[in-house]
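Peer 1: Coordinates in structure_2.txt, compact mmCIF, C-alpha atoms, are listed below.
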```txt
# COMPACT_ATOMS: atom_id res chain seq x y z
CA MET A 17 6.74 3.23 1.70
CA SER A 18 7.37 3.47 5.43
CA CYS A 19 5.84 1.21 8.03
CA LEU A 20 3.65 4.12 9.21
CA ASP A 21 2.37 4.73 5.67
CA LYS A 22 1.43 1.07 5.35
CA SER A 23 -0.40 1.17 8.70
CA VAL A 24 -2.35 4.29 7.74
CA LYS A 25 -3.23 2.80 4.36
CA CYS A 26 -4.37 -0.40 6.08
CA LEU A 27 -6.53 1.54 8.56
CA VAL A 28 -8.13 3.55 5.77
CA MET A 29 -8.93 0.35 3.85
CA MET A 30 -10.41 -1.23 6.98
CA PHE A 31 -12.55 1.87 7.55
CA VAL A 32 -13.83 1.87 3.97
CA ILE A 33 -14.64 -1.85 4.11
CA SER A 34 -16.46 -1.49 7.44
CA CYS A 35 -18.52 1.43 6.08
CA ILE A 36 -19.53 -0.64 3.06
CA PHE A 37 -20.41 -3.58 5.32
CA LEU A 38 -22.49 -1.45 7.69
CA SER A 39 -24.37 0.29 4.89
CA ALA A 40 -25.35 -3.09 3.48
CA PHE A 41 -27.63 -3.66 6.47
CA ALA A 42 -29.16 -0.22 6.74
CA TYR A 43 -32.33 1.34 5.52
CA ALA A 44 -32.27 5.04 4.65
CA GLY A 45 -32.83 7.84 7.20
CA ILE A 46 -36.23 7.72 8.85
CA ASP A 47 -36.76 4.22 7.45
CA ASP A 48 -33.73 3.15 9.47
CA GLU A 49 -35.38 4.56 12.60
CA LEU A 50 -38.57 2.65 11.80
CA ALA A 51 -36.60 -0.58 11.34
CA ALA A 52 -34.80 -0.02 14.66
CA VAL A 53 -37.93 0.64 16.75
CA THR A 54 -39.72 -2.23 15.01
CA LYS A 55 -36.86 -4.61 15.82
CA LYS A 56 -37.12 -3.58 19.47
CA GLY A 57 -40.90 -4.02 19.38
CA ASN A 58 -41.51 -0.42 20.38
CA ALA A 59 -45.04 -0.13 19.00
CA ILE A 60 -45.57 3.34 20.54
CA GLU A 61 -42.86 4.85 18.30
CA ILE A 62 -43.84 3.12 15.07
CA ARG A 63 -46.97 5.08 14.16
CA PRO A 64 -45.38 8.56 14.60
CA LEU A 65 -42.45 7.59 12.38
CA ILE A 66 -44.82 6.40 9.67
CA ASP A 67 -46.83 9.61 10.04
CA LYS A 68 -43.57 11.55 9.54
CA GLY A 69 -42.99 9.74 6.25
CA ALA A 70 -41.22 6.47 7.04
CA ASN A 71 -41.88 3.90 4.35
CA VAL A 72 -43.65 0.80 5.74
CA ASN A 73 -42.41 -1.12 2.69
CA ALA A 74 -38.77 -0.04 2.95
CA ARG A 75 -36.28 -2.78 2.19
CA ASP A 76 -32.73 -3.54 3.27
CA THR A 77 -30.04 -4.86 0.94
CA ASP A 78 -31.41 -8.42 1.22
CA ASP A 79 -34.77 -7.01 0.14
CA SER A 80 -36.24 -7.80 3.57
CA THR A 81 -39.05 -5.51 4.67
CA ILE A 82 -39.77 -3.95 8.03
CA LEU A 83 -42.81 -6.24 8.30
CA MET A 84 -40.45 -9.20 7.98
CA VAL A 85 -38.39 -7.79 10.85
CA ALA A 86 -41.47 -7.43 13.07
CA SER A 87 -42.61 -10.95 12.12
CA ASP A 88 -39.17 -12.41 12.78
CA TYR A 89 -39.15 -11.01 16.32
CA GLY A 90 -42.80 -11.86 16.99
CA HIS A 91 -43.83 -8.27 17.70
CA ILE A 92 -47.60 -8.57 17.43
CA GLU A 93 -48.50 -4.89 17.86
CA ALA A 94 -45.80 -3.80 15.42
CA VAL A 95 -47.13 -6.25 12.83
CA LYS A 96 -50.68 -4.94 13.32
CA ILE A 97 -49.60 -1.31 12.94
CA LEU A 98 -47.47 -1.96 9.86
CA LEU A 99 -50.29 -3.86 8.17
CA ALA A 100 -52.82 -1.15 9.07
CA LYS A 101 -50.48 1.43 7.55
CA GLY A 102 -50.19 -0.47 4.27
CA ALA A 103 -47.24 -2.86 4.60
CA ASP A 104 -47.22 -5.43 1.80
CA VAL A 105 -48.09 -8.73 3.51
CA ASN A 106 -46.77 -10.76 0.56
CA ALA A 107 -43.53 -8.92 -0.18
CA LYS A 108 -40.62 -11.28 -0.85
CA ALA A 109 -36.96 -10.88 0.07
CA ASN A 110 -34.18 -11.87 -2.34
CA ASN A 111 -34.32 -15.46 -1.06
CA GLY A 112 -38.10 -15.59 -1.53
CA PHE A 113 -38.90 -15.33 2.18
CA THR A 114 -42.10 -13.56 3.19
CA ALA A 115 -43.19 -12.26 6.59
CA LEU A 116 -45.35 -15.39 6.96
CA MET A 117 -42.37 -17.66 6.37
CA THR A 118 -40.31 -15.77 8.91
CA ALA A 119 -43.03 -15.96 11.57
CA SER A 120 -43.69 -19.63 10.77
CA ASN A 121 -40.01 -20.46 11.03
CA LYS A 122 -39.78 -18.83 14.46
CA GLY A 123 -43.07 -20.26 15.77
CA HIS A 124 -44.82 -16.93 16.33
CA SER A 125 -48.36 -18.31 16.17
CA GLU A 126 -50.20 -15.03 16.87
CA VAL A 127 -48.21 -13.20 14.19
CA VAL A 128 -48.94 -16.05 11.76
CA LYS A 129 -52.68 -15.72 12.44
CA ILE A 130 -52.59 -11.95 11.90
CA LEU A 131 -50.65 -12.31 8.64
CA LEU A 132 -53.05 -14.99 7.39
CA GLU A 133 -56.05 -12.81 8.27
CA SER A 134 -54.40 -10.01 6.30
CA GLY A 135 -54.13 -12.11 3.16
CA ALA A 136 -50.66 -13.64 3.41
CA ALA A 137 -50.08 -16.25 0.73
CA VAL A 138 -50.18 -19.52 2.64
CA ASN A 139 -48.44 -21.48 -0.13
CA ALA A 140 -45.76 -18.93 -1.08
CA LYS A 141 -42.39 -20.53 -1.85
CA THR A 142 -38.78 -19.53 -1.37
CA LYS A 143 -36.34 -19.82 -4.26
CA GLU A 144 -35.58 -23.32 -2.99
CA GLY A 145 -39.29 -24.23 -3.00
CA PHE A 146 -39.93 -24.17 0.76
CA THR A 147 -43.31 -23.03 2.13
CA PRO A 148 -44.38 -21.60 5.50
CA LEU A 149 -45.81 -25.01 6.42
CA MET A 150 -42.49 -26.68 5.73
CA TYR A 151 -40.66 -24.24 8.01
CA ALA A 152 -43.21 -24.65 10.80
CA SER A 153 -43.08 -28.43 10.48
CA LEU A 154 -39.29 -28.62 10.38
CA LYS A 155 -39.07 -26.58 13.59
CA GLY A 156 -41.86 -28.46 15.35
CA HIS A 157 -44.23 -25.49 15.59
CA ALA A 158 -47.48 -27.49 15.72
CA GLN A 159 -49.76 -24.54 16.51
CA VAL A 160 -48.39 -22.60 13.54
CA ALA A 161 -48.76 -25.65 11.29
CA GLU A 162 -52.39 -26.02 12.39
CA SER A 163 -53.12 -22.37 11.54
CA LEU A 164 -51.52 -22.80 8.12
CA LEU A 165 -53.42 -26.00 7.42
CA ALA A 166 -56.68 -24.33 8.46
CA LYS A 167 -56.01 -21.81 5.65
CA ARG A 168 -55.45 -24.67 3.18
CA ALA A 169 -51.67 -24.87 3.17
CA SER A 170 -50.64 -27.49 0.64
CA LEU A 171 -49.19 -30.78 1.86
CA ASN A 172 -48.01 -31.77 -1.59
CA ASP A 173 -45.25 -29.27 -2.36
CA LYS A 174 -41.60 -29.87 -3.22
```
Written as C-alpha cells, how would this file's structure read?
Peer 2:
Amino acid sequence: MSCLDKSVKCLVMMFVISCIFLSAFAYAGIDDELAAVTKKGNAIEIRPLIDKGANVNARDTDDSTILMVASDYGHIEAVKILLAKGADVNAKANNGFTALMTASNKGHSEVVKILLESGAAVNAKTKEGFTPLMYASLKGHAQVAESLLAKRASLNDK
C-alpha cells in the first residue's frame, strides 16, 4: 500500500468517524431546526416550526428534550411556548435529568417557576439520586432553592 493510499484511507476513516460523532448530537430534520432556534432563544421561530410538524418532545442521543435545551439556556419565552404546545415537563434524559433540574442547576429562577407551575416533579431524581434542590443548593442559587422549597421540595433525600 502506497503512502497516498494510506492517507486517503485515513481521511475516509476520519470523515466516517466525524459523521458518526456529529449525528450523535442531532435531532432529525425539522426537529433539528426546532432545537437550533430554541437553543438561540428565537421564540418567534419556534411556533411556526411546531405548526409545520416539529416534535416538541423530540430527543437527542442523550435523550435530552428540546424543553431541556430551552431550560438550560434560560429562554423563558421558548419554555412557555414548548409547554403550551405539549412538551413533557417531566421527561427524563438518560442520566435522569429533567428540564427542572437543568434550570435549577443553571439558576434560571423564572424558568424554574414556570416549570413548577406546569407540574414539574419537584423531587425528581437523577440516576445518582440528585434532586433539583440539590443542584440549586450546590450552585448557590438561593432564589431557585426558595421556589423549590415553596413547592415542598424534600430536604431529606440522598
Peer 1: Interatomic distance between CA of Asp76 (chain A) and CA of Gly112 (chain A)?
Peer 2: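 Going from CA of Asp76 (chain A) over to CA of Gly112 (chain A) covers 14.0 Å.
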Peer 1: Write out as a PyMOL selection string which residues come within 9 Å of region 136-149 of chain A when counting all atoms listed in the file, dropping same-chain ones fewer than 2 positions away.
Peer 2: chain A and resi 105-106+108-121+128+130-134+151-154+160-162+164-165+167-171+173-174
Peer 1: At what distance in Å, to one decimal, does CA of Met150 (chain A) lie from CA of Val72 (chain A)?
Peer 2: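 Separating CA of Val72 (chain A) from CA of Met150 (chain A) is a distance of 27.5 Å.
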Peer 1: If we count all atoms listed in the file and set the cut-off at 8 Å, which residues sit around Val95 (chain A), ignoring sequence neighbours fewer than 3 positions away in its own chain? Please answer as a list in words.
Peer 2: Leu83, Ala86, Ser87, His91, Ile92, Leu98, Leu99, Val127 and Ile130 of chain A
Peer 1: Which of these, A:Ala166, A:Lys155, A:Gly135, A:Asp67, has the shortest distance to Ile97 (chain A) once you count all atoms listed in the file?
Peer 2: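 The closest residue to Ile97 (chain A) is A:Asp67.
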Peer 1: Can you tell me how far CA of Ala94 (chain A) sits from CA of Ser163 (chain A), in Å to one decimal?
Peer 2: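 If I compute the distance from CA of Ala94 (chain A) to CA of Ser163 (chain A), I get 20.3 Å.
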Peer 1: Compare A:Met84, A:Ala74, A:Ile46, A:Ala158 by their minimum atom-to-atom distance to Glu61 (chain A), counting only C-alpha atoms, and give me the closest one.
Peer 2: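 Ranked by minimum distance to Glu61 (chain A), first place goes to A:Ile46.
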Peer 1: Which residue is closest to Ala103 (chain A)? Choose from A:Tyr89, A:His124, A:Ala70, A:Asp78 and count all atoms listed in the file.
Peer 2: A:Ala70
Peer 1: From the set A:Arg63, A:Lys68, A:Lys96, A:Arg75, which residue has the shortest atom-to-atom contact distance to Lys129 (chain A), counting only C-alpha atoms?
Peer 2: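 Ranked by minimum distance to Lys129 (chain A), first place goes to A:Lys96.
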Peer 1: Give the padded box for region 72-91 of chain A as JSON: axis-aligned, covering all atoms listed in the file, 4 Å on each side, centre and edge lengths in Å to one decimal.
Peer 2:
```
{"center_x": -36.9, "center_y": -5.8, "center_z": 8.9, "size_x": 21.8, "size_y": 21.2, "size_z": 25.6}
```
Peer 1: Pick the closest to Asp79 (chain A) from A:Gly57, A:Lys101, A:Ala107, A:Ile62: which is it, counting only C-alpha atoms?
Peer 2: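 Between A:Gly57, A:Lys101, A:Ala107, A:Ile62, the residue approaching Asp79 (chain A) most closely is A:Ala107.
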Peer 1: Rank nothing, just name the residue among A:Gly102, A:Pro64, A:Gly156, A:Gly69 nearest to Lys122 (chain A), using all atoms listed in the file.
Peer 2: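 Of A:Gly102, A:Pro64, A:Gly156, A:Gly69, the one nearest Lys122 (chain A), counting all atoms listed in the file, is A:Gly156.
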